[in-house]
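Enquirer: I have a structure I would like to understand better, so I am pasting it below and will then ask my questions one at a time.
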Amino acid sequence: MTTIGVIYKKEDRLIAATAKQVIKDLKSKGYKHNLNKARLVITLGGDGTILRAARLLSKSGVPILGVHMGGLGFLTEIELSELNDALEQIRGGKYRIEERCMLEALVAGRKITALNDLVISKSGIARVIKLAIVGVADYIADGMVFSSATGSTAYNLSIGGPILTPDSESMVLSAIAPHSINTRSIVLKRPIVVQLMRGQEVNLTADGQEVIPVFEGQKIKIQISKFKTRFIRLKNYDFFERIQEAFGFGPER
């Protein structure tokens with residue numbers, strides 16, 4: 001008997017009610033529901049829910065089946081109406097596992113992970129900050145985005161950074177509103193050390209959800225994590241076709 005966990009946006013009453021019904025339906029089909037012992041986790045919501053689940057499950061390696069219920073849903077796999085058929089496919093072994101690289105940051109003895117990105121930025125109306133990427137360059141900007149391949153189509157893309165294909169094991173460094181017009185994004189695979197040289201009210205944010213304050217002089221080590229997010233995939237799709245549908249990327253058809 002398979003044990004399944006369900007992660008959902010509890011703040012949304014409709015999604016919360018749907019989650020309760022999904023759990024009830026799972027039990028009626030003979031599945032056990034226990035997030036701590038799950039061999040598969042269903043997420044109900046949009047990409048934000050998946051990002052939260054990815055961080056919660058990063059060490060366990062439990063695969064995620066994303067069910068779209070609001071938001072962009074770029075990372076989700078199915079609609080709610082397809083869930084029963086999806087579970088039958090999974091029961092029959094008709095699926096594949098897609099692994100996505102994650103990022104991790106170590107600051108002041110605390111480690112955080114992210115599937116999309118790690119962002120160092122000022123809060124409120126604080127002045128610009130100065131960051132030193134040791135051995136790379138210094139930046140004066142509103143902040144820096146360090147994105148994984150998955151996150152390259154998120155905040156990184158909105159500030160002009162490049163897109164990486166999902167199988168890439170590199171990360172992108174992109175400045176937010178830099179003071180030099182010659183500043184360009186950098187793609188790196190090795191770990192880096194970032195030092196906040198100047199700036200007040202500065203935060204390090206993981207996937208826009210987990211926040212750590214950063215102070216002048218502090219160093220942050222950022223690298224590709226040894227842990228990966230594992231997605232259950234039931235459909236075949238072309239990555240660039242999908243981003244064209246979602247973002248209008250590429251030539252018109």
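Identifiers in this document derive from the order of the structure tokens: chains are assigned A, B, ..., residues are numbered from 1 separately in each chain, and ligands are numbered from 1 in order of occurrence.
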When DSSP is applied to the backbone of this structure, which of segment 17-126 of chain A are assigned helix (DSSP H, G or I)? Write them out as an NGL selection string.
Expert: :A and (17-28 or 35-37 or 47-56 or 80-91)
Enquirer: Just the strand (DSSP E or B) stuff from segment 167-241 of chain A, please, per backbone DSSP, written as a PyMOL selection string.
Expert: chain A and resi 171-176+186-188+192-198+202-206+210-214+219-233
Enquirer: How about saving the chosen residues, C-alpha atoms kept, as a CSV table (one decimal), in the first residue's frame?
Expert:
chain,number,residue,atom,x,y,z
A,171,MET,CA,23.6,28.7,-11.8
A,172,VAL,CA,23.1,32.2,-13.1
A,173,LEU,CA,24.2,35.4,-11.4
A,174,SER,CA,22.2,38.4,-12.4
A,175,ALA,CA,22.3,41.9,-10.9
A,176,ILE,CA,19.1,43.8,-10.0
A,186,ILE,CA,27.3,35.2,-15.5
A,187,VAL,CA,26.8,31.4,-15.6
A,188,LEU,CA,28.9,29.4,-13.2
A,192,ILE,CA,31.0,31.2,-4.9
A,193,VAL,CA,31.4,33.4,-1.9
A,194,VAL,CA,29.5,36.7,-1.7
A,195,GLN,CA,30.3,39.4,0.8
A,196,LEU,CA,28.1,42.4,1.6
A,197,MET,CA,30.4,45.3,1.4
A,198,ARG,CA,27.9,48.1,1.9
A,202,VAL,CA,19.5,43.7,3.4
A,203,ASN,CA,18.0,40.2,3.2
A,204,LEU,CA,18.8,36.8,1.7
A,205,THR,CA,15.6,35.2,0.4
A,206,ALA,CA,15.1,31.6,-0.8
A,210,GLU,CA,12.3,32.1,3.5
A,211,VAL,CA,14.2,35.2,4.6
A,212,ILE,CA,17.5,35.7,6.5
A,213,PRO,CA,18.9,39.2,7.3
A,214,VAL,CA,22.4,39.9,6.0
A,219,LYS,CA,30.0,36.3,3.8
A,220,ILE,CA,27.6,33.9,2.1
A,221,LYS,CA,28.6,30.7,0.4
A,222,ILE,CA,26.3,29.8,-2.5
A,223,GLN,CA,26.6,26.6,-4.5
A,224,ILE,CA,24.7,23.8,-6.3
A,225,SER,CA,23.2,21.6,-3.6
A,226,LYS,CA,23.9,17.9,-3.4
A,227,PHE,CA,20.1,17.5,-3.1
A,228,LYS,CA,17.7,17.6,-6.0
A,229,THR,CA,14.0,18.1,-6.5
A,230,ARG,CA,12.4,15.1,-8.1
A,231,PHE,CA,9.3,15.5,-10.2
A,232,ILE,CA,6.9,12.8,-11.4
A,233,ARG,CA,6.4,13.4,-15.2
Enquirer: Could you pull the residues within 9 Å of Gly73 of chain A, counting only C-alpha atoms, minus those fewer than 6 positions along the same chain, as a PDB file with C-alpha atoms, in the first residue's frame?
Expert:
ATOM      1  CA  GLY A  45      -1.737  24.960  -5.953  1.00  0.00           C
ATOM      2  CA  GLY A  46       0.677  26.805  -8.198  1.00  0.00           C
ATOM      3  CA  ASP A  47       4.437  27.077  -8.465  1.00  0.00           C
ATOM      4  CA  GLY A  48       4.726  28.675  -5.029  1.00  0.00           C
ATOM      5  CA  GLY A  66       2.233  18.938  -9.081  1.00  0.00           C
ATOM      6  CA  VAL A  67      -1.492  19.537  -9.516  1.00  0.00           C
TER       7      VAL A  67
END
Enquirer: Looking at only C-alpha atoms, which of A:Arg190, A:Gln200, A:Leu51, A:Glu241 is the one that sits closest to Gly151 of chain A?
Expert: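 Closest residue, counting only C-alpha atoms: A:Leu51.
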Enquirer: One decimal, in Å: what's the spacing between atom CA of Leu103 of chain A and atom CA of Val145 of chain A?
Expert: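 A separation of 11.7 Å between them.
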Enquirer: When distances are computed from only C-alpha atoms, which of A:Lys235, A:Arg96, A:Lys130, A:Arg39 shows the smallest separation from Glu216 of chain A?
Expert: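 Looking only at the distances to Glu216 of chain A, the closest residue turns out to be A:Lys130.
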